Structures are given as structure tokens and as C-alpha cells.
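**Student:** Okay, here's the structure, questions in a sec.
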Amino acid sequence: MGEWARGEISYLKANRAACALCGRPIAIRYWAAEVGGVEHTFCSPEHERLYRDYWLPRHGAKEVSQT
Amino acid sequence: MTTASTTTFDPVALTMVDNYLTSCCRDMGVTMMTTAYSPIFNESLDFSCVIFDPQGNMLAQAEFCPSQIGTIKFTVEWTIEELGLDAFEEGDVVLHNDPYRGSGHVPEHMLLKPVFWDGKIVAFVANVAHMSEVGAKTPGGLSGDATEVYQEGLLLPPVKLKRQGEDVDDVWKIILANHRTPRVTLGDFRAMMGSLDLAERRIHRFIADYGLDFFLVMSAELMAIAERRMRAEIEAIPDGTYTFTDAIEDDGITDRAYPIKLVLTVDGGEVIADFTGSAKQAVGPVNAIYAVTASAIYNAFLHLTDPTIPRNEGCYRPLTIIAPPGTIVNCSFPAPVAGGNTETSPRITDMVFGALQDAIPDRIAASCGGTSSPFLFGGTDPRTDEPYAHFHFEGVGWGGRRGLDGNNMVVTINGNCRNTPVEVFETRYPAFRIESYRLVQDSGGPGEFRGGLGGERIFTVTVPEVTVSALLNRMKTEPWGVLGGGYGAVGGLWVRCAGNDEWRTFVDEFGTMSPSKFSGVTLRAGDQVKILMPGGGGYGDPQRRDRALVRRDVEEGFVSEAVARDVYGLEG
């Protein structure tokens, strides 16, 4: 079960986290959830569900950000 | 997430509220059109106007630029999240154009104003507009050979341009010192602010007349209705997986194509648009950021579904877009992005149509010309010694669709902008005289429903020198037809220097890396430029086209006698 978390805006660090399902850059607030023993960052709980139900069966455990 | 209503609402009242908010957005646009300084506002209408709820959900929009209408959702959401609701005060106006924080590309500047009622934020009004000068490496921005976003103009994270109704002078100074045409920038921003003020007054009037609770409840219900209706429309598409692949033909830096792979999964009332497998991000400026790719998908589904669905956040909820970071459909910082919004966006929208051509043949269209044909120029007006800069774009042929030929020479499907009339072009910009502007015979893809025609424009430099840049596409790969329809014609770009008889590419004449994507080329008096705009793809077998329509096409000069005979099979 995940939980909402908050990152920080830093103008010294340009690279941003992205949703592990959709790839959308995350501003501050994100859904943190563990899938397969790995902590992932999602836009929302819905995208955690889609990661499990859509992404993993089709593409395996490789994160979107690593393709 | 499906939002279910438990209350019954008066449909007449709902319609009136939706119309009120939509007409408010339209009037915001009229304000910008009539009060801005630059023709890209006055003539081209390259802007959009939107109303949001305090959480950043889109309540209403008007029919301006579709790509901006989709991206502004991300720009506004980012702005509210980064600043926090508590940071907004009555009279504030926040400016934001950073693509890596949700903007479409650097030239598109978003202004956001909170609307207060009894001390609380009850809505946000926003507009986004393409500024004609943004302090990029060359006049007009959209440098066709940029390799970093820093070369594409001044980046502005969410900053207050007004605080409690007063200009924040320090921010104004930074912006106006970085734009080549500060007077025009100032005038256009003022027009955008006037548009926001008008929307704020309209929302205040509505709440004063009908009450805040009515406004909030009806707004929420309109989004729920839009979501339900969009889901019902999607449910009418057969469940399944649909694929389509297309490509951006080059990037201005390297002569290689960048494939885009789309897998659409339709499951009940939901769609997943998955771009996994698309090319890694380009070196040059044809990359789309996530918001642009998502906006292109939204745009496609608004084309495919009932146009009477209220245009708000609810329309987008059934759509999930998966765009891997580091690819041409979701590039990573600091990749250049100017052409993502003008070139890659229409390609993605067309790809949805291509993917669904067998599933819903009555609703899709063939590929449009697929380029905004950005041609940028700037210099100093010898009449006034004032700097000028302009983002000039052209129409293309649109794809044929069931029952209708494609539009001729209309700005590509993501833009919905107007062209700049020749008279305005020549009056406002001293650099060029238009020699000809015409449709091109046989440029529309053959089909039972023909692709729209592309066009050709030739202009002559009339000043001692002018700096030009370009970022065009569909110069090599033809716009595709569907269901047996043929390809539209490709476009092109040539230069004929004063004293020469021969049209040559910019590669041959100036040594640019690409014939259609470059920046900072100096043209001189008497030089001529010829832009050829692509046609649209055809729909269905051309042999099935109504014979009377083929004869009419020949009479109008749209189709040659040879093509009418050899491709359409016209006898006699």
C-alpha cells in the first residue's frame, strides 16, 4: 500500500522525477508505492494500479524511465 | 476515476452555465485579438483561454489552439502545486513558460490569475499565447538547429508578474531586456492581462447573481457529465489493441528519422495510449515534452467524439498516456523542444486516426500535411529603426474523411490558427513582398474523399538584410492516406538569391545541416524564398470517387487531367 509524499522544488537540480507508469514529470506531490520490492514514484494511486495491471504484464519490471 | 452524481440537475441550467463559461473564454480571446500588438495574436489567434477550479481542474475553454488547450492543464497544475494555494493573493498574475515545468514550448507564455470571492479562491482564469519574440538564439524563437532548450528563449518558472494588482517591475525588466521586441512583448502581455481581468469580472458577476454554491456545484457536475459522456463515446469503439507507427523525418542536426510507435488499448470506457518503443529523444528541436504528447492525444479524441460534450477536465479523465522519459514523445532536460509542439504534436494526433481507421472508419481522417511550416524572421525596420520579429506559419492540406474532402491550406490539426493575410504581412513587416500565394494542383492525396490541397508561397526580400530560420516537416515523407486513399504531396523550402535564376535548397546555398530546419541565415534585398506546403492524405479508393466531383476538381484546377484519368479512372 502506498502513500502520498512530497518532493522539493530546487532550481539547482533540473532533472525531475517522473511517474513510473506514464512518465509525467512530478512537480512536488507524488504517490510512493513499493512494487516487487522496489520503491516507485507515481502520479496517483490509479497509476500504481495500472503499473501492476497494464505495465508489468506487457513490458515486465523495467521502469518506463529506463526504456 | 469515475465521478458519479447522486443529485439530479436541471439540464437547461447546466447548459446555460456551460455556455456562460465557454462564452467567457471566447470573450477573453476576443479581448486578446483586439488589443494585442502582434499579428500572431491579432490575425493568427495563436492563443487559448481557459477557466479552472481552485484545484486546477479545467472548467471551460474556447475553440482556440487545441495543443495549448491540452498543455495549459499541465502548466496550471504545475504552477498551483509549485507555488501552493496560499501563495496567491487577490490581484496576482503569475507568468510561466518553462517546458520542463509543464509548458508546451518556450514561446508559449501562460498567465494565471486567481479569482477571489469573500477572501477565498473560487477559480483561476488563465490564458496561454505564443509570443512572437522570446529571446532565443535567433529572432522569433523556434530555432531549427537548437540543441538545448536554453537556445530557445528565456525560461520563466512560475513567477508573479503582478502582485496584488501592482506590476512586479523587476520581473518585467528581466523579460523586456531579453526580448528583441520589448514594446510588442509589453503590449501582448497587457492584452493577456486585460483578458484575465474580463474573465474575473464575468465570474464575479455570475457568483453575485447566482451564488457561490451554485457555481461550484454546477462546475463539478459539468465535469462529471463530460467524463460520463466521453466514456460512453469510447465504449462505442470496439475493445482491442490498435497500433500505428510514423516518424519525424529529421531533426535539423542529424539526417535520421525518429520513429514514433503508438499502441492504443481500448477497454470499455478507457483508453491507454502507450508510446513505449518510440525513438530516443532527438538532438535537434523536434522533441515533445509530456504535456504536448498528452495534449495531442486529447486533441485526437475530441475530434473523434461528440462535439457537444462540455469541453472540460472530464473529457480527459478516461485517457491515460504513457510516454517514456528520454524519448521523442517525452524528452528529458535540457533537450530542445520548439518543434515538438508544432511538428510532433500533429503527427501524434494523426497517428490516433491511423490506428483506429479500421475500428471507426466513419470518424477518422487521413493524415494532414502535418507541419506548421514555421518560418521565423526578424531584423530592424528601416522605416522606424524599430526591431521586429515574427513567427510565420502556413496552412496544409488536411486528410480526407468519410463524406468530406480535406480542407485546403488550413493550419495543421493541432493549431487551429488563421494565416496572416498578405496585406497585413506586408504592412506590418517590411522585410518581404509576397509574390504569389496559391494552391498546388495534385497535392491532395487521391481518394474517394480527396486530401486537401497544399500550397505555395513565394516572397522577395525588400530590406537590406533579414535573419530567417525554419523548422518544417513532411519535406521527405508523404502524408499517408487511409482505407485505400493515396498519399498527399510533400512540402519543400528553397531560396533564389538575387541575380540567380535557380531555386536552391538552403543546404546548397548556405550550407545548413537540413534543408528545412535551420536558424540565423541572412537574406539580402532581392533574394526570394519559396515555401511549399504539404497536402493531406486521401480517404478510400479514388476509383470510387463521385465522377461529378472528379470533373469539378479538374475544372477548378485542383486535379490535373492526367491524374483524373490515371488515378481516378475518369473517362472521356
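We label chains A, B, ... in the order they appear in the C-alpha cells, count residues from 1 in each chain, and number ligands from 1 in the order shown.
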Using DSSP on the backbone coordinates, identify all residues within range 166-347 of chain B classified as alpha helix (DSSP H); present the result as a PyMOL selection string.

**Tutor:** chain B and resi 169-178+182-210+212-235+290-304+338-339+345-347

**Student:** Could those selected residues go to a file with C-alpha atoms, as a JSON list (two decimals), in the first residue's frame?

**Tutor:**
```json
[["chain", "number", "residue", "atom", "x", "y", "z"],
["B", 169, "ASP", "CA", 8.90, 45.73, -12.00],
["B", 170, "ASP", "CA", 11.96, 43.55, -11.50],
["B", 171, "VAL", "CA", 10.40, 40.66, -13.43],
["B", 172, "TRP", "CA", 9.22, 42.98, -16.22],
["B", 173, "LYS", "CA", 12.73, 44.37, -16.54],
["B", 174, "ILE", "CA", 14.26, 40.91, -16.94],
["B", 175, "ILE", "CA", 11.78, 39.89, -19.60],
["B", 176, "LEU", "CA", 11.87, 43.09, -21.61],
["B", 177, "ALA", "CA", 15.66, 43.15, -21.51],
["B", 178, "ASN", "CA", 15.77, 39.66, -23.05],
["B", 182, "PRO", "CA", 10.14, 44.67, -25.88],
["B", 183, "ARG", "CA", 7.41, 47.07, -26.99],
["B", 184, "VAL", "CA", 5.47, 44.26, -28.68],
["B", 185, "THR", "CA", 6.05, 41.91, -25.74],
["B", 186, "LEU", "CA", 4.72, 44.54, -23.35],
["B", 187, "GLY", "CA", 1.64, 45.16, -25.50],
["B", 188, "ASP", "CA", 0.87, 41.47, -25.87],
["B", 189, "PHE", "CA", 1.22, 40.79, -22.15],
["B", 190, "ARG", "CA", -1.08, 43.71, -21.41],
["B", 191, "ALA", "CA", -3.64, 42.22, -23.78],
["B", 192, "MET", "CA", -3.39, 38.91, -21.94],
["B", 193, "MET", "CA", -3.88, 40.66, -18.61],
["B", 194, "GLY", "CA", -6.92, 42.51, -19.92],
["B", 195, "SER", "CA", -8.34, 39.16, -20.98],
["B", 196, "LEU", "CA", -7.87, 37.78, -17.46],
["B", 197, "ASP", "CA", -9.49, 40.85, -15.91],
["B", 198, "LEU", "CA", -12.52, 40.40, -18.13],
["B", 199, "ALA", "CA", -12.89, 36.76, -17.09],
["B", 200, "GLU", "CA", -12.53, 37.67, -13.43],
["B", 201, "ARG", "CA", -15.33, 40.25, -13.75],
["B", 202, "ARG", "CA", -17.58, 37.72, -15.52],
["B", 203, "ILE", "CA", -17.10, 35.12, -12.81],
["B", 204, "HIS", "CA", -17.76, 37.71, -10.11],
["B", 205, "ARG", "CA", -20.95, 38.73, -11.88],
["B", 206, "PHE", "CA", -22.08, 35.10, -12.13],
["B", 207, "ILE", "CA", -21.48, 34.42, -8.47],
["B", 208, "ALA", "CA", -23.15, 37.69, -7.47],
["B", 209, "ASP", "CA", -26.24, 36.73, -9.48],
["B", 210, "TYR", "CA", -26.49, 33.02, -8.70],
["B", 212, "LEU", "CA", -21.07, 30.65, -4.99],
["B", 213, "ASP", "CA", -22.56, 27.27, -4.13],
["B", 214, "PHE", "CA", -24.45, 27.15, -7.42],
["B", 215, "PHE", "CA", -21.22, 28.00, -9.32],
["B", 216, "LEU", "CA", -19.18, 25.31, -7.58],
["B", 217, "VAL", "CA", -21.83, 22.59, -7.72],
["B", 218, "MET", "CA", -22.64, 23.18, -11.38],
["B", 219, "SER", "CA", -18.97, 23.31, -12.30],
["B", 220, "ALA", "CA", -18.32, 19.96, -10.67],
["B", 221, "GLU", "CA", -21.38, 18.43, -12.31],
["B", 222, "LEU", "CA", -20.33, 19.68, -15.76],
["B", 223, "MET", "CA", -17.00, 17.88, -15.37],
["B", 224, "ALA", "CA", -18.79, 14.71, -14.26],
["B", 225, "ILE", "CA", -21.11, 14.91, -17.27],
["B", 226, "ALA", "CA", -18.20, 15.39, -19.64],
["B", 227, "GLU", "CA", -16.45, 12.37, -18.17],
["B", 228, "ARG", "CA", -19.54, 10.16, -18.42],
["B", 229, "ARG", "CA", -20.23, 11.20, -22.00],
["B", 230, "MET", "CA", -16.62, 10.73, -23.06],
["B", 231, "ARG", "CA", -16.58, 7.26, -21.52],
["B", 232, "ALA", "CA", -19.78, 6.40, -23.38],
["B", 233, "GLU", "CA", -18.21, 7.55, -26.64],
["B", 234, "ILE", "CA", -15.13, 5.42, -26.02],
["B", 235, "GLU", "CA", -17.29, 2.43, -25.15],
["B", 290, "TYR", "CA", 4.94, 15.03, -21.83],
["B", 291, "ALA", "CA", 2.28, 17.75, -21.83],
["B", 292, "VAL", "CA", 2.48, 18.14, -25.62],
["B", 293, "THR", "CA", 2.13, 14.41, -26.22],
["B", 294, "ALA", "CA", -0.80, 14.18, -23.83],
["B", 295, "SER", "CA", -2.41, 17.21, -25.43],
["B", 296, "ALA", "CA", -2.11, 15.63, -28.87],
["B", 297, "ILE", "CA", -3.95, 12.54, -27.62],
["B", 298, "TYR", "CA", -6.66, 14.72, -26.02],
["B", 299, "ASN", "CA", -6.99, 16.61, -29.28],
["B", 300, "ALA", "CA", -7.43, 13.37, -31.25],
["B", 301, "PHE", "CA", -10.22, 12.13, -29.00],
["B", 302, "LEU", "CA", -12.01, 15.47, -29.07],
["B", 303, "HIS", "CA", -12.01, 15.12, -32.88],
["B", 304, "LEU", "CA", -13.33, 11.55, -32.69],
["B", 338, "ALA", "CA", 10.37, 24.00, -30.04],
["B", 339, "GLY", "CA", 9.17, 21.71, -32.83],
["B", 345, "SER", "CA", 2.08, 17.15, -31.93],
["B", 346, "PRO", "CA", 0.08, 16.93, -35.19],
["B", 347, "ARG", "CA", 1.89, 13.72, -36.05]]
```

**Student:** Can you tell me which residues surround Trp31 in chain A at a distance of at most 10 Å, considering only C-alpha atoms, apart from same-chain residues fewer than 5 positions away, and format the answer as a VMD selection string?

**Tutor:** chain A and resid 2 to 6 19 26 40 to 48

**Student:** Return as a PyMOL selection string the residues belonging to chain B that are within 9 Å of chain A, counting only C-alpha atoms.

**Tutor:** chain B and resi 1+77-79+81-82+100-102+274+276-277+280+289-291+320-327+330+332-334

**Student:** Identify, on the basis of only C-alpha atoms, every residue whose closest approach to Thr460 in chain B does not exceed 12 Å; exclude the query and any residue fewer than 2 positions from it along the same chain; express the result as a PyMOL selection string.

**Tutor:** chain B and resi 426+430-436+457-458+462-466+495-498+523-531
